[in-house]
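Student: Provided herewith: entry16.tsv, TSV, C-alpha atoms.
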```tsv
chain	number	residue	atom	x	y	z
A	36	MET	CA	-20.40	-47.65	-28.29
A	37	VAL	CA	-19.97	-51.42	-28.33
A	38	LEU	CA	-17.32	-53.18	-30.35
A	39	GLY	CA	-16.40	-56.84	-30.65
A	40	PHE	CA	-13.70	-59.16	-31.90
A	41	GLY	CA	-14.10	-61.63	-34.72
A	42	SER	CA	-13.87	-65.39	-34.31
A	43	LYS	CA	-10.32	-65.56	-32.95
A	44	SER	CA	-10.32	-66.58	-29.29
A	45	SER	CA	-7.60	-66.43	-26.69
A	46	SER	CA	-6.07	-69.34	-24.87
A	47	LYS	CA	-8.33	-70.78	-22.20
A	48	ASN	CA	-5.33	-71.24	-19.98
A	49	LYS	CA	-4.40	-67.56	-19.85
A	50	ALA	CA	-5.95	-64.65	-18.03
A	51	ALA	CA	-6.98	-61.73	-20.23
A	52	ASP	CA	-4.08	-59.60	-19.02
A	53	GLU	CA	-1.61	-62.23	-20.21
A	54	VAL	CA	-2.99	-62.61	-23.73
A	55	SER	CA	-0.82	-60.98	-26.39
A	56	ILE	CA	-2.80	-58.75	-28.77
A	57	SER	CA	-1.40	-57.63	-32.12
A	58	ALA	CA	-2.39	-55.08	-34.75
A	59	SER	CA	-3.91	-57.89	-36.84
A	60	ASP	CA	-6.22	-58.72	-33.92
A	61	VAL	CA	-7.44	-55.14	-33.95
A	62	ASP	CA	-8.40	-55.57	-37.62
A	63	GLN	CA	-10.93	-58.18	-36.50
A	64	LEU	CA	-12.86	-55.71	-34.38
A	65	SER	CA	-16.48	-55.43	-35.48
A	66	MET	CA	-19.05	-52.69	-34.88
A	67	LYS	CA	-22.17	-53.26	-32.83
A	68	ASN	CA	-24.81	-50.65	-32.00
A	69	LEU	CA	-22.78	-47.72	-33.28
A	70	ASP	CA	-24.61	-44.60	-34.40
A	71	THR	CA	-23.76	-42.88	-37.70
A	72	SER	CA	-21.31	-40.37	-36.21
A	73	GLU	CA	-19.39	-43.13	-34.43
A	74	LYS	CA	-19.22	-45.39	-37.50
A	75	SER	CA	-17.57	-42.59	-39.46
A	76	GLN	CA	-14.72	-42.56	-36.94
A	77	PHE	CA	-14.34	-46.33	-36.58
A	78	LYS	CA	-11.33	-46.66	-38.89
A	79	GLU	CA	-9.52	-43.86	-37.06
A	80	PHE	CA	-10.29	-45.57	-33.74
A	81	LYS	CA	-8.88	-48.90	-35.00
A	82	ASP	CA	-5.73	-47.16	-36.26
A	83	PHE	CA	-5.31	-45.62	-32.81
A	84	LEU	CA	-5.73	-49.02	-31.14
A	85	LYS	CA	-3.07	-50.50	-33.44
A	86	THR	CA	-0.67	-47.82	-32.24
A	87	VAL	CA	-1.58	-48.54	-28.60
A	88	VAL	CA	-1.04	-52.31	-28.74
A	89	SER	CA	2.34	-51.95	-30.48
A	90	PHE	CA	3.61	-48.99	-28.43
A	91	THR	CA	6.35	-49.75	-25.89
A	92	GLY	CA	6.65	-46.37	-24.13
A	93	ASP	CA	4.39	-44.31	-21.88
A	94	LEU	CA	0.96	-44.14	-23.52
A	95	SER	CA	0.34	-40.62	-22.20
A	96	SER	CA	2.60	-39.32	-24.98
A	97	LEU	CA	0.24	-40.59	-27.71
A	98	THR	CA	-2.24	-38.29	-29.45
A	99	CYS	CA	-5.76	-39.63	-29.04
A	100	PRO	CA	-8.46	-39.06	-31.70
A	101	ALA	CA	-11.46	-36.98	-30.61
A	102	PHE	CA	-13.69	-40.03	-31.00
A	103	PHE	CA	-12.18	-41.46	-27.80
A	104	LEU	CA	-12.14	-38.29	-25.66
A	105	ASN	CA	-14.51	-37.73	-22.74
A	106	GLY	CA	-14.70	-33.93	-22.76
A	107	LEU	CA	-12.85	-33.32	-19.48
A	108	SER	CA	-9.30	-32.19	-18.80
A	109	LEU	CA	-7.30	-34.61	-16.67
A	110	LEU	CA	-6.49	-31.60	-14.50
A	111	GLU	CA	-10.14	-31.43	-13.40
A	112	TYR	CA	-9.92	-34.99	-12.09
A	113	GLY	CA	-8.10	-33.55	-9.08
A	114	THR	CA	-11.40	-32.13	-7.83
A	115	TYR	CA	-12.72	-35.65	-7.19
A	116	TRP	CA	-10.75	-35.50	-3.92
A	117	VAL	CA	-13.50	-33.27	-2.50
A	118	ASP	CA	-16.53	-34.82	-4.19
A	119	HIS	CA	-18.12	-34.98	-0.74
A	120	PRO	CA	-16.95	-31.85	1.12
A	121	SER	CA	-18.97	-32.70	4.23
A	122	HIS	CA	-16.77	-35.77	4.78
A	123	PHE	CA	-13.66	-33.66	4.18
A	124	THR	CA	-14.77	-31.13	6.79
A	125	ALA	CA	-15.92	-33.78	9.30
A	126	ILE	CA	-12.40	-35.14	9.74
A	127	GLY	CA	-11.55	-32.41	12.26
A	128	HIS	CA	-14.59	-33.19	14.42
A	129	ALA	CA	-13.19	-36.50	15.69
A	130	GLN	CA	-11.28	-36.15	18.95
A	131	LEU	CA	-9.60	-39.57	19.28
A	132	PRO	CA	-6.76	-40.48	16.87
A	133	GLN	CA	-8.42	-43.72	15.75
A	134	GLU	CA	-11.71	-41.89	15.17
A	135	ARG	CA	-9.95	-39.25	13.08
A	136	LEU	CA	-8.33	-41.90	10.93
A	137	LEU	CA	-11.70	-43.61	10.53
A	138	ALA	CA	-13.12	-40.26	9.35
A	139	ILE	CA	-10.15	-39.84	6.99
A	140	SER	CA	-10.76	-43.35	5.61
A	141	ARG	CA	-14.44	-42.52	5.06
A	142	TRP	CA	-13.47	-39.35	3.18
A	143	PHE	CA	-10.82	-41.21	1.16
A	144	ILE	CA	-13.29	-43.93	0.11
A	145	SER	CA	-15.77	-41.19	-0.84
A	146	THR	CA	-13.25	-39.84	-3.38
A	147	LEU	CA	-12.97	-43.11	-5.31
A	148	TYR	CA	-16.39	-43.30	-6.95
A	149	GLY	CA	-16.03	-39.93	-8.67
A	150	SER	CA	-12.43	-40.57	-9.65
A	151	TYR	CA	-12.83	-44.05	-11.09
A	152	ALA	CA	-16.49	-45.04	-11.59
A	153	SER	CA	-18.73	-41.98	-12.08
A	154	ARG	CA	-18.07	-41.69	-15.82
A	155	CYS	CA	-19.21	-45.29	-16.42
A	156	THR	CA	-22.89	-44.98	-15.54
A	157	ASN	CA	-26.11	-45.13	-17.58
A	158	GLY	CA	-24.53	-47.23	-20.30
A	159	GLN	CA	-21.48	-44.97	-20.67
A	160	TYR	CA	-17.89	-46.21	-20.78
A	161	GLU	CA	-14.55	-44.77	-19.78
A	162	LYS	CA	-12.88	-42.55	-22.35
A	163	LYS	CA	-9.66	-40.59	-22.34
A	164	PRO	CA	-9.47	-37.10	-20.79
A	165	TYR	CA	-7.64	-34.23	-22.44
A	166	ASN	CA	-3.92	-34.02	-21.73
A	167	PRO	CA	-3.61	-30.71	-19.83
A	168	ILE	CA	-1.34	-28.10	-21.36
A	169	LEU	CA	1.61	-26.83	-19.34
A	170	GLY	CA	0.42	-24.09	-16.97
A	171	GLU	CA	-3.25	-25.00	-17.34
A	172	THR	CA	-5.27	-24.13	-14.22
A	173	PHE	CA	-8.64	-25.01	-12.76
A	174	PHE	CA	-10.41	-23.25	-9.88
A	175	CYS	CA	-13.72	-24.03	-8.24
A	176	ASN	CA	-15.59	-24.16	-4.95
A	177	MET	CA	-17.25	-27.33	-3.69
A	178	GLY	CA	-19.35	-26.73	-0.60
A	179	ASP	CA	-17.09	-24.89	1.86
A	180	ALA	CA	-13.92	-26.16	0.17
A	181	LYS	CA	-11.93	-24.18	-2.36
A	182	CYS	CA	-10.06	-26.09	-5.05
A	183	VAL	CA	-6.92	-25.03	-6.94
A	184	CYS	CA	-5.30	-27.16	-9.67
A	185	GLU	CA	-2.32	-26.51	-11.94
A	186	GLN	CA	-0.48	-28.53	-14.58
A	187	VAL	CA	3.06	-28.16	-13.23
A	188	CYS	CA	4.90	-30.42	-15.68
A	189	HIS	CA	4.28	-31.67	-19.22
A	190	HIS	CA	7.06	-34.25	-19.68
A	191	PRO	CA	6.20	-36.24	-17.66
A	192	PRO	CA	2.66	-34.90	-17.19
A	193	ILE	CA	2.05	-33.95	-13.54
A	194	SER	CA	-1.04	-32.29	-12.09
A	195	ALA	CA	-0.88	-30.54	-8.71
A	196	PHE	CA	-3.97	-29.92	-6.59
A	197	TYR	CA	-4.89	-28.13	-3.38
A	198	PHE	CA	-8.08	-28.10	-1.32
A	199	GLU	CA	-8.89	-26.13	1.76
A	200	ASP	CA	-11.73	-25.53	4.19
A	201	GLU	CA	-10.24	-22.63	6.16
A	202	LYS	CA	-13.06	-22.51	8.69
A	203	ALA	CA	-12.64	-26.21	9.49
A	204	GLY	CA	-8.85	-25.86	9.56
A	205	ILE	CA	-8.17	-28.62	7.05
A	206	SER	CA	-6.23	-28.71	3.79
A	207	LEU	CA	-4.87	-31.18	1.25
A	208	ASN	CA	-1.82	-30.78	-0.99
A	209	GLY	CA	-1.12	-33.35	-3.66
A	210	HIS	CA	0.16	-34.16	-7.11
A	211	SER	CA	-0.34	-37.02	-9.50
A	212	GLY	CA	1.50	-38.26	-12.56
A	213	GLN	CA	0.74	-41.38	-14.53
A	214	LYS	CA	2.90	-44.02	-16.19
A	215	SER	CA	0.81	-46.12	-18.53
A	216	LYS	CA	1.50	-49.10	-20.75
A	217	PHE	CA	-0.50	-51.69	-22.64
A	218	LYS	CA	-0.55	-55.03	-20.84
A	219	GLY	CA	-2.29	-57.95	-22.52
A	220	THR	CA	-5.76	-56.59	-23.26
A	221	SER	CA	-5.72	-53.79	-20.67
A	222	ILE	CA	-3.92	-50.52	-20.00
A	223	LYS	CA	-2.01	-50.55	-16.72
A	224	ILE	CA	-1.47	-47.18	-15.06
A	225	GLU	CA	0.90	-46.54	-12.18
A	226	GLN	CA	-0.09	-43.35	-10.38
A	227	VAL	CA	3.00	-41.51	-9.23
A	228	GLY	CA	2.68	-38.93	-6.50
A	229	ARG	CA	1.21	-38.38	-3.06
A	230	ALA	CA	-1.33	-36.37	-1.09
A	231	VAL	CA	-0.69	-34.73	2.29
A	232	LEU	CA	-3.64	-33.95	4.55
A	233	TYR	CA	-3.14	-31.24	7.20
A	234	LEU	CA	-5.27	-30.69	10.34
A	235	LYS	CA	-4.58	-27.30	11.90
A	236	GLU	CA	-6.26	-27.94	15.29
A	237	PHE	CA	-4.21	-31.05	15.98
A	238	ASP	CA	-1.11	-29.99	14.03
A	239	GLU	CA	-1.23	-33.37	12.28
A	240	GLN	CA	-0.27	-34.54	8.80
A	241	TYR	CA	-1.32	-37.66	6.94
A	242	LEU	CA	0.48	-38.98	3.87
A	243	ILE	CA	-1.62	-40.84	1.30
A	244	ASP	CA	-0.48	-42.84	-1.71
A	245	PHE	CA	-2.54	-43.92	-4.72
A	246	PRO	CA	-3.86	-47.21	-6.11
A	247	ASP	CA	-2.76	-48.69	-9.42
A	248	LEU	CA	-5.30	-48.66	-12.24
A	249	LEU	CA	-6.25	-51.24	-14.84
A	250	ILE	CA	-8.34	-49.91	-17.71
A	251	ARG	CA	-10.13	-52.98	-19.00
A	252	GLY	CA	-12.38	-53.40	-22.03
A	253	VAL	CA	-10.36	-51.01	-24.23
A	254	LEU	CA	-10.44	-53.39	-27.20
A	255	THR	CA	-14.18	-53.96	-26.92
A	256	GLY	CA	-15.12	-50.29	-26.75
A	257	GLY	CA	-16.50	-50.76	-23.23
A	258	ALA	CA	-13.60	-49.46	-21.15
A	259	TYR	CA	-13.87	-49.29	-17.36
A	260	ILE	CA	-11.41	-48.90	-14.49
A	261	GLU	CA	-10.47	-51.51	-11.91
A	262	LEU	CA	-8.29	-50.54	-8.94
A	263	GLY	CA	-5.41	-52.68	-7.75
A	264	GLY	CA	-2.67	-52.81	-5.18
A	265	THR	CA	-2.68	-51.21	-1.76
A	266	CYS	CA	-3.23	-47.67	-0.48
A	267	THR	CA	-1.66	-46.59	2.79
A	268	ILE	CA	-2.54	-43.59	4.94
A	269	VAL	CA	0.03	-42.81	7.65
A	270	GLY	CA	-0.40	-40.10	10.28
A	271	SER	CA	2.09	-38.09	12.27
A	272	ASN	CA	0.19	-39.24	15.39
A	273	ASN	CA	1.34	-42.86	14.90
A	274	THR	CA	-1.80	-43.99	13.08
A	275	LYS	CA	-2.02	-46.00	9.89
A	276	ALA	CA	-4.72	-47.32	7.56
A	277	VAL	CA	-3.95	-50.03	5.02
A	278	ILE	CA	-6.55	-50.56	2.27
A	279	ASP	CA	-6.23	-53.43	-0.22
A	280	PHE	CA	-8.12	-53.38	-3.50
A	281	VAL	CA	-9.24	-56.93	-4.14
A	282	PRO	CA	-9.36	-58.02	-7.81
A	283	LYS	CA	-12.48	-59.65	-9.15
A	284	PRO	CA	-12.24	-63.47	-9.17
A	285	TRP	CA	-11.69	-65.00	-12.61
A	286	PHE	CA	-15.03	-66.86	-12.30
A	287	GLY	CA	-17.95	-65.07	-10.65
A	288	GLY	CA	-17.82	-62.46	-7.92
A	289	ASP	CA	-18.02	-58.67	-8.00
A	290	TYR	CA	-15.65	-55.88	-8.88
A	291	ASN	CA	-14.28	-53.20	-6.57
A	292	HIS	CA	-14.02	-54.98	-3.24
A	293	ILE	CA	-11.79	-53.63	-0.49
A	294	LYS	CA	-10.41	-54.92	2.76
A	295	GLY	CA	-8.49	-52.85	5.23
A	296	THR	CA	-7.43	-52.17	8.79
A	297	ILE	CA	-7.03	-49.01	10.86
A	298	TYR	CA	-4.25	-48.93	13.45
A	299	THR	CA	-3.26	-46.59	16.27
A	300	ASP	CA	0.05	-47.22	18.06
A	301	GLU	CA	0.20	-50.51	16.10
A	302	LYS	CA	-3.09	-51.70	17.61
A	303	ALA	CA	-5.89	-52.58	15.18
A	304	TYR	CA	-9.10	-50.68	15.96
A	305	TYR	CA	-11.26	-51.13	12.86
A	306	HIS	CA	-11.61	-53.43	9.88
A	307	LEU	CA	-12.84	-52.10	6.51
A	308	SER	CA	-14.78	-54.09	3.91
A	309	GLY	CA	-17.34	-53.81	1.11
A	310	ARG	CA	-17.17	-52.27	-2.35
A	311	TRP	CA	-15.78	-48.79	-2.88
A	312	SER	CA	-18.10	-48.23	-5.85
A	313	HIS	CA	-21.21	-49.15	-3.86
A	314	GLN	CA	-21.30	-49.58	-0.07
A	315	SER	CA	-18.32	-49.88	2.24
A	316	PHE	CA	-18.34	-50.80	5.93
A	317	TYR	CA	-16.27	-50.73	9.10
A	318	SER	CA	-16.34	-52.97	12.16
A	319	ASP	CA	-14.81	-52.63	15.61
A	320	THR	CA	-12.02	-55.15	16.17
A	321	ASP	CA	-12.81	-55.27	19.91
A	322	SER	CA	-16.49	-55.99	19.43
A	323	GLU	CA	-17.53	-59.59	19.99
A	324	SER	CA	-20.36	-59.27	17.51
A	325	SER	CA	-18.13	-57.52	14.91
A	326	LYS	CA	-21.25	-55.80	13.59
A	327	LYS	CA	-20.61	-53.95	10.34
A	328	GLU	CA	-21.51	-50.27	10.24
A	329	LEU	CA	-21.92	-48.24	7.06
A	330	LEU	CA	-18.77	-46.32	6.17
A	331	PHE	CA	-19.86	-44.77	2.87
A	332	ASP	CA	-22.65	-45.32	0.34
A	333	ALA	CA	-21.48	-44.15	-3.08
A	334	GLU	CA	-24.87	-44.61	-4.70
A	335	ALA	CA	-26.79	-42.66	-2.04
A	336	GLU	CA	-24.61	-39.55	-1.74
A	337	PRO	CA	-24.51	-37.27	-4.80
A	338	MET	CA	-21.25	-35.66	-5.86
A	339	ALA	CA	-20.87	-31.97	-5.06
A	340	GLU	CA	-21.34	-29.32	-7.73
A	341	ARG	CA	-18.21	-27.60	-8.98
A	342	VAL	CA	-18.87	-23.86	-8.87
A	343	THR	CA	-16.60	-21.99	-11.28
A	344	ALA	CA	-16.33	-18.38	-12.41
A	345	PRO	CA	-18.27	-17.41	-15.56
A	346	LEU	CA	-16.36	-18.44	-18.68
A	347	GLU	CA	-15.85	-14.84	-19.77
A	348	ASP	CA	-14.11	-14.09	-16.46
A	349	GLN	CA	-11.67	-16.99	-16.73
A	350	ASP	CA	-8.03	-16.73	-17.82
A	351	GLU	CA	-7.02	-18.15	-21.20
A	352	TYR	CA	-5.12	-20.96	-19.41
A	353	GLU	CA	-8.09	-22.13	-17.34
A	354	SER	CA	-9.37	-25.55	-18.39
A	355	HIS	CA	-12.82	-24.54	-19.62
A	356	ARG	CA	-11.35	-21.72	-21.72
A	357	VAL	CA	-8.63	-23.94	-23.17
A	358	TRP	CA	-10.82	-26.92	-24.05
A	359	GLY	CA	-14.26	-25.30	-24.42
A	360	PRO	CA	-14.45	-25.45	-28.25
A	361	VAL	CA	-13.35	-29.11	-28.27
A	362	THR	CA	-15.92	-30.00	-25.62
A	363	GLU	CA	-18.74	-28.28	-27.50
A	364	ALA	CA	-17.85	-30.17	-30.69
A	365	LEU	CA	-17.80	-33.47	-28.76
A	366	LYS	CA	-21.26	-32.76	-27.34
A	367	GLU	CA	-22.52	-32.39	-30.89
A	368	LYS	CA	-20.58	-35.52	-31.95
A	369	ASN	CA	-18.84	-33.40	-34.55
A	370	TYR	CA	-15.55	-35.27	-34.32
A	371	LYS	CA	-14.02	-33.57	-37.34
A	372	SER	CA	-14.48	-30.18	-35.70
A	373	ALA	CA	-13.25	-31.52	-32.35
A	374	ASN	CA	-10.04	-32.78	-33.94
A	375	GLN	CA	-9.55	-29.42	-35.66
A	376	GLU	CA	-10.03	-27.51	-32.40
A	377	LYS	CA	-7.67	-29.87	-30.57
A	378	THR	CA	-5.05	-29.35	-33.30
A	379	LYS	CA	-5.34	-25.56	-32.82
A	380	ILE	CA	-4.47	-26.00	-29.13
A	381	GLU	CA	-1.53	-28.27	-29.95
A	382	ASP	CA	-0.21	-25.80	-32.56
A	383	TRP	CA	-0.62	-22.93	-30.07
A	384	GLN	CA	1.42	-24.80	-27.47
A	385	ARG	CA	4.14	-25.74	-29.96
A	386	GLY	CA	4.47	-22.06	-30.77
A	387	VAL	CA	4.68	-21.16	-27.08
A	388	ARG	CA	7.43	-23.75	-26.50
A	389	LYS	CA	9.35	-22.52	-29.54
A	390	GLU	CA	9.21	-18.93	-28.33
A	391	ARG	CA	10.44	-19.91	-24.87
A	392	ALA	CA	13.33	-21.85	-26.39
A	393	GLU	CA	14.32	-18.93	-28.63
A	394	ASN	CA	14.30	-16.57	-25.61
A	395	ASN	CA	16.03	-19.09	-23.30
A	396	GLU	CA	13.09	-18.87	-20.91
A	397	ASN	CA	12.50	-21.51	-18.24
A	398	TRP	CA	8.84	-21.94	-17.39
A	399	GLU	CA	7.90	-22.03	-13.69
A	400	PRO	CA	4.50	-22.85	-12.13
A	401	LYS	CA	2.62	-19.84	-10.75
A	402	LEU	CA	0.76	-21.56	-7.93
A	403	PHE	CA	2.82	-24.52	-6.70
A	404	VAL	CA	6.41	-25.16	-5.66
A	405	PHE	CA	8.26	-28.49	-5.62
A	406	GLN	CA	9.79	-29.42	-2.26
A	407	LYS	CA	12.42	-32.14	-2.60
A	408	ASP	CA	12.59	-34.91	0.00
A	409	ALA	CA	16.37	-34.53	-0.03
A	410	ASP	CA	15.97	-30.99	1.36
A	411	ALA	CA	13.53	-31.94	4.13
A	412	GLU	CA	16.11	-32.02	6.91
A	413	SER	CA	16.87	-28.33	6.47
A	414	GLY	CA	13.27	-27.48	5.55
A	415	THR	CA	10.17	-26.54	7.51
A	416	LYS	CA	8.49	-28.63	10.19
A	417	TYR	CA	5.81	-29.49	7.64
A	418	GLN	CA	8.41	-30.83	5.19
A	419	GLN	CA	10.17	-32.81	7.90
A	420	LYS	CA	6.92	-34.47	8.99
A	421	SER	CA	6.00	-35.39	5.42
A	422	HIS	CA	9.43	-36.87	4.79
A	423	SER	CA	9.28	-38.99	7.95
A	424	LEU	CA	5.85	-40.30	6.95
A	425	LYS	CA	7.17	-41.25	3.52
A	426	SER	CA	9.84	-43.43	5.13
A	427	ILE	CA	7.10	-45.31	7.01
A	428	ILE	CA	5.18	-46.16	3.84
A	429	GLY	CA	8.29	-47.56	2.16
A	430	SER	CA	9.87	-47.56	-1.27
A	431	LYS	CA	7.50	-49.95	-3.05
A	432	HIS	CA	4.92	-47.19	-3.49
A	433	HIS	CA	5.17	-44.63	-6.32
A	434	LEU	CA	5.66	-41.59	-4.08
A	435	ASP	CA	8.00	-39.50	-6.26
A	436	ASP	CA	11.07	-37.76	-4.79
A	437	GLY	CA	9.28	-34.74	-3.42
A	438	ALA	CA	5.95	-32.97	-3.10
A	439	TRP	CA	4.26	-30.18	-5.04
A	440	THR	CA	2.86	-27.70	-2.51
A	441	TYR	CA	0.49	-24.77	-2.98
A	442	LYS	CA	2.32	-21.49	-2.31
A	443	ASP	CA	-0.48	-20.15	-0.09
A	444	SER	CA	-1.29	-23.35	1.80
A	445	LEU	CA	-3.07	-23.27	5.13
A	446	HIS	CA	-0.02	-24.57	6.99
A	447	ILE	CA	2.09	-21.71	5.59
A	448	ARG	CA	-0.36	-19.03	6.80
A	449	GLN	CA	0.20	-19.85	10.48
```
Take the structure in the file and write it out as structure tokens.

Tutor:
Amino acid sequence: MVLGFGSKSSSKNKAADEVSISASDVDQLSMKNLDTSEKSQFKEFKDFLKTVVSFTGDLSSLTCPAFFLNGLSLLEYGTYWVDHPSHFTAIGHAQLPQERLLAISRWFISTLYGSYASRCTNGQYEKKPYNPILGETFFCNMGDAKCVCEQVCHHPPISAFYFEDEKAGISLNGHSGQKSKFKGTSIKIEQVGRAVLYLKEFDEQYLIDFPDLLIRGVLTGGAYIELGGTCTIVGSNNTKAVIDFVPKPWFGGDYNHIKGTIYTDEKAYYHLSGRWSHQSFYSDTDSESSKKELLFDAEAEPMAERVTAPLEDQDEYESHRVWGPVTEALKEKNYKSANQEKTKIEDWQRGVRKERAENNENWEPKLFVFQKDADAESGTKYQQKSHSLKSIIGSKHHLDDGAWTYKDSLHIRQ
């Protein structure tokens, strides 16, 4: 799908993110290279865009037409954290602290392509995922790693995820919420949450925060994601990695550049560079030649297959059971049917909420529990470590006031 504006142009003195777009500007959108099924939905898409550009709250609360859905639940996005399970497992093989953090940085960079670029290949553009329903779950295996995801909150929407390679003695707990708003011609998303990596052999924890997102090209029908801000990884062994996401220059240059540094005991050991969506590199800070070595090649390493149970064996709240009829309609580009199926799910959930309210029932997640930072002092050693790492990162990051933790986590089964 490719769309375009009419003759109105923006000020040459303003960056695209600073240009104010109104509903009347949306009316000037024109269609280019749309097939018949897409043209039939074009008016609905423009009406949706008018709502987006005039909306002042969190965009996640808006209902999106099927025309602009990508056929995946946002809950499944959590599995991108183990797109390359071999890198996840390899973290525990490094014996020196700085080498472990280098391995963690390699694994972290390997998660970015799937999360933020994989859906924009072969002429495809970013579309909106389904908003997971409260209590929705997703289970799969990826290599030797098992994955567990649950939608633990609906207002605001929060997805919790857990990954574990028991044999390697490594696990990851995390949760992510999103605050989104329309800014200029883009959608800015602040990712709220954290991830905590645990290494059993070394009894170490690493706290990871998330980059900010800019979804560009929304008003041209060619949406894609650009990362911004800084990600920090801090370890309980006094290690730290700081990774900056460098915006594309206004004139020329490439997208998705990074620059970063890996520290142990406040000494810099490695520098990181390259493009997270293509090839990234590391170099030894003590080397006179500063030769760059390959960190990760996103284009050369395929993403792991997600192995799930047969659909007939899945619970009614598992993602593929919940959204299966909508996804099938989208594959056939039957947007009318997709909207109807999506409405059935929304009506079902309204009925569930009404019944809970009438019975004074409070819903609780089945798989995850929220551990407040305020309770860390009297909590477990794991909680205390995580809380101390949060204080190192600082308050400018969107870390939330606690952590969602899987009830059967590796660190609990000690």

Student: Determine, using only C-alpha atoms, which residues of segment 205-260 of chain A have any atom at most 10 Å from an atom of segment 162-176 of chain A, and tabulate each with its shortest atom pair and distance in Å to one decimal place, rows ordered by chain and then rising number, as a Markdown table.

Tutor:
```
| residue | atom | partner | partner_atom | distance |
| --- | --- | --- | --- | --- |
| A:Ile250 | CA | A:Lys162 | CA | 9.8 |
| A:Val253 | CA | A:Lys162 | CA | 9.0 |
| A:Gly256 | CA | A:Lys162 | CA | 9.2 |
| A:Gly257 | CA | A:Lys162 | CA | 9.0 |
| A:Ala258 | CA | A:Lys162 | CA | 7.1 |
| A:Tyr259 | CA | A:Lys162 | CA | 8.4 |
```

Student: Just the number, please: distance in Å from atom CA of Asn374 of chain A to atom CA of Pro100 of chain A, one decimal.

Tutor: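 Atom CA of Pro100 of chain A lies at a distance of 6.9 Å from atom CA of Asn374 of chain A.
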
Student: Could you check the closest approach to Ile293 of chain A for each of A:Thr320, A:Ile144, A:Asp350, A:Arg356 and tell me which residue wins, using all atoms listed in the file?

Tutor: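 For Ile293 of chain A, the nearest of the given residues is A:Ile144.
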
Student: Need the shell around Arg341 of chain A: protein/DNA/RNA residues with any atom at most 10 Å away, counting only C-alpha atoms. Skip same-chain ones fewer than 4 positions apart. Format as a ChimeraX atom specification?

Tutor: /A:111,114-115,117-118,174-178,181-182

Student: Within 7 Å of segment 305-317 of chain A, which residues of segment 137-240 of chain A show up? Give each one with its shortest atom-to-atom distance in Å (one decimal) and the two atoms involved, counting all atoms listed in the file, rows by chain then rising residue number, as a Markdown table.

Tutor:
```
| residue | atom | partner | partner_atom | distance |
| --- | --- | --- | --- | --- |
| A:Ile144 | CA | A:Trp311 | CA | 6.2 |
| A:Leu147 | CA | A:Trp311 | CA | 6.8 |
| A:Tyr148 | CA | A:Ser312 | CA | 5.3 |
| A:Ala152 | CA | A:Ser312 | CA | 6.8 |
```

Student: Could you state the separation of atom CA of Asp348 of chain A and atom CA of Glu381 of chain A in Å, given to one decimal place?

Tutor: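 Taking atom CA of Asp348 of chain A and atom CA of Glu381 of chain A, their separation equals 23.3 Å.
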
Student: Residues at most 9 Å from Ala180 of chain A, counting all atoms listed in the file, excluding those fewer than 5 positions away in the same chain, as a list of chain:residue names?

Tutor: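 These residues fall inside the cut-off: A:Val117, A:Pro120, A:Phe123, A:Thr124, A:Cys175, A:Phe198, A:Glu199, A:Asp200, A:Glu201, A:Ser206.
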
Student: Please list as a tab-separated table (two decimals) with C-alpha atoms, in the frame of the given file every residue within 12 Å of Ser444 of chain A, counting only C-alpha atoms and excluding residues in the same chain fewer than 5 positions away.

Tutor:
```tsv
chain	number	residue	atom	x	y	z
A	181	LYS	CA	-11.93	-24.18	-2.36
A	182	CYS	CA	-10.06	-26.09	-5.05
A	183	VAL	CA	-6.92	-25.03	-6.94
A	196	PHE	CA	-3.97	-29.92	-6.59
A	197	TYR	CA	-4.89	-28.13	-3.38
A	198	PHE	CA	-8.08	-28.10	-1.32
A	199	GLU	CA	-8.89	-26.13	1.76
A	200	ASP	CA	-11.73	-25.53	4.19
A	201	GLU	CA	-10.24	-22.63	6.16
A	204	GLY	CA	-8.85	-25.86	9.56
A	205	ILE	CA	-8.17	-28.62	7.05
A	206	SER	CA	-6.23	-28.71	3.79
A	207	LEU	CA	-4.87	-31.18	1.25
A	208	ASN	CA	-1.82	-30.78	-0.99
A	209	GLY	CA	-1.12	-33.35	-3.66
A	231	VAL	CA	-0.69	-34.73	2.29
A	232	LEU	CA	-3.64	-33.95	4.55
A	233	TYR	CA	-3.14	-31.24	7.20
A	234	LEU	CA	-5.27	-30.69	10.34
A	235	LYS	CA	-4.58	-27.30	11.90
A	402	LEU	CA	0.76	-21.56	-7.93
A	403	PHE	CA	2.82	-24.52	-6.70
A	404	VAL	CA	6.41	-25.16	-5.66
A	417	TYR	CA	5.81	-29.49	7.64
A	439	TRP	CA	4.26	-30.18	-5.04
A	449	GLN	CA	0.20	-19.85	10.48
```

Student: Given all atoms listed in the file as the basis, pick out the residue of A:Val357, A:Cys99, A:Leu109, A:Leu242 nearest to Gln384 of chain A.

Tutor: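 Result for the nearest residue to Gln384 of chain A: A:Val357.
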
Student: Between atom CA of Pro360 of chain A and atom CA of Ala373 of chain A, what is the spacing in Å?

Tutor: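 Separation of atom CA of Ala373 of chain A and atom CA of Pro360 of chain A: 7.4 Å.
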
Student: Enumerate, in order of chain and increasing residue number, the residues of segment 293-318 of chain A with an atom no farther than 8 Å from segment 274-284 of chain A, each with its shortest atom pair and distance in Å to one decimal, counting only C-alpha atoms, as JSON lines.

Tutor:
```
{"residue": "A:Ile293", "atom": "CA", "partner": "A:Phe280", "partner_atom": "CA", "distance": 4.8}
{"residue": "A:Lys294", "atom": "CA", "partner": "A:Asp279", "partner_atom": "CA", "distance": 5.3}
{"residue": "A:Gly295", "atom": "CA", "partner": "A:Ile278", "partner_atom": "CA", "distance": 4.2}
{"residue": "A:Thr296", "atom": "CA", "partner": "A:Val277", "partner_atom": "CA", "distance": 5.6}
{"residue": "A:Ile297", "atom": "CA", "partner": "A:Ala276", "partner_atom": "CA", "distance": 4.4}
{"residue": "A:Tyr298", "atom": "CA", "partner": "A:Lys275", "partner_atom": "CA", "distance": 5.1}
{"residue": "A:Thr299", "atom": "CA", "partner": "A:Thr274", "partner_atom": "CA", "distance": 4.4}
{"residue": "A:Asp300", "atom": "CA", "partner": "A:Thr274", "partner_atom": "CA", "distance": 6.2}
{"residue": "A:Glu301", "atom": "CA", "partner": "A:Thr274", "partner_atom": "CA", "distance": 7.5}
{"residue": "A:Leu307", "atom": "CA", "partner": "A:Ile278", "partner_atom": "CA", "distance": 7.7}
```
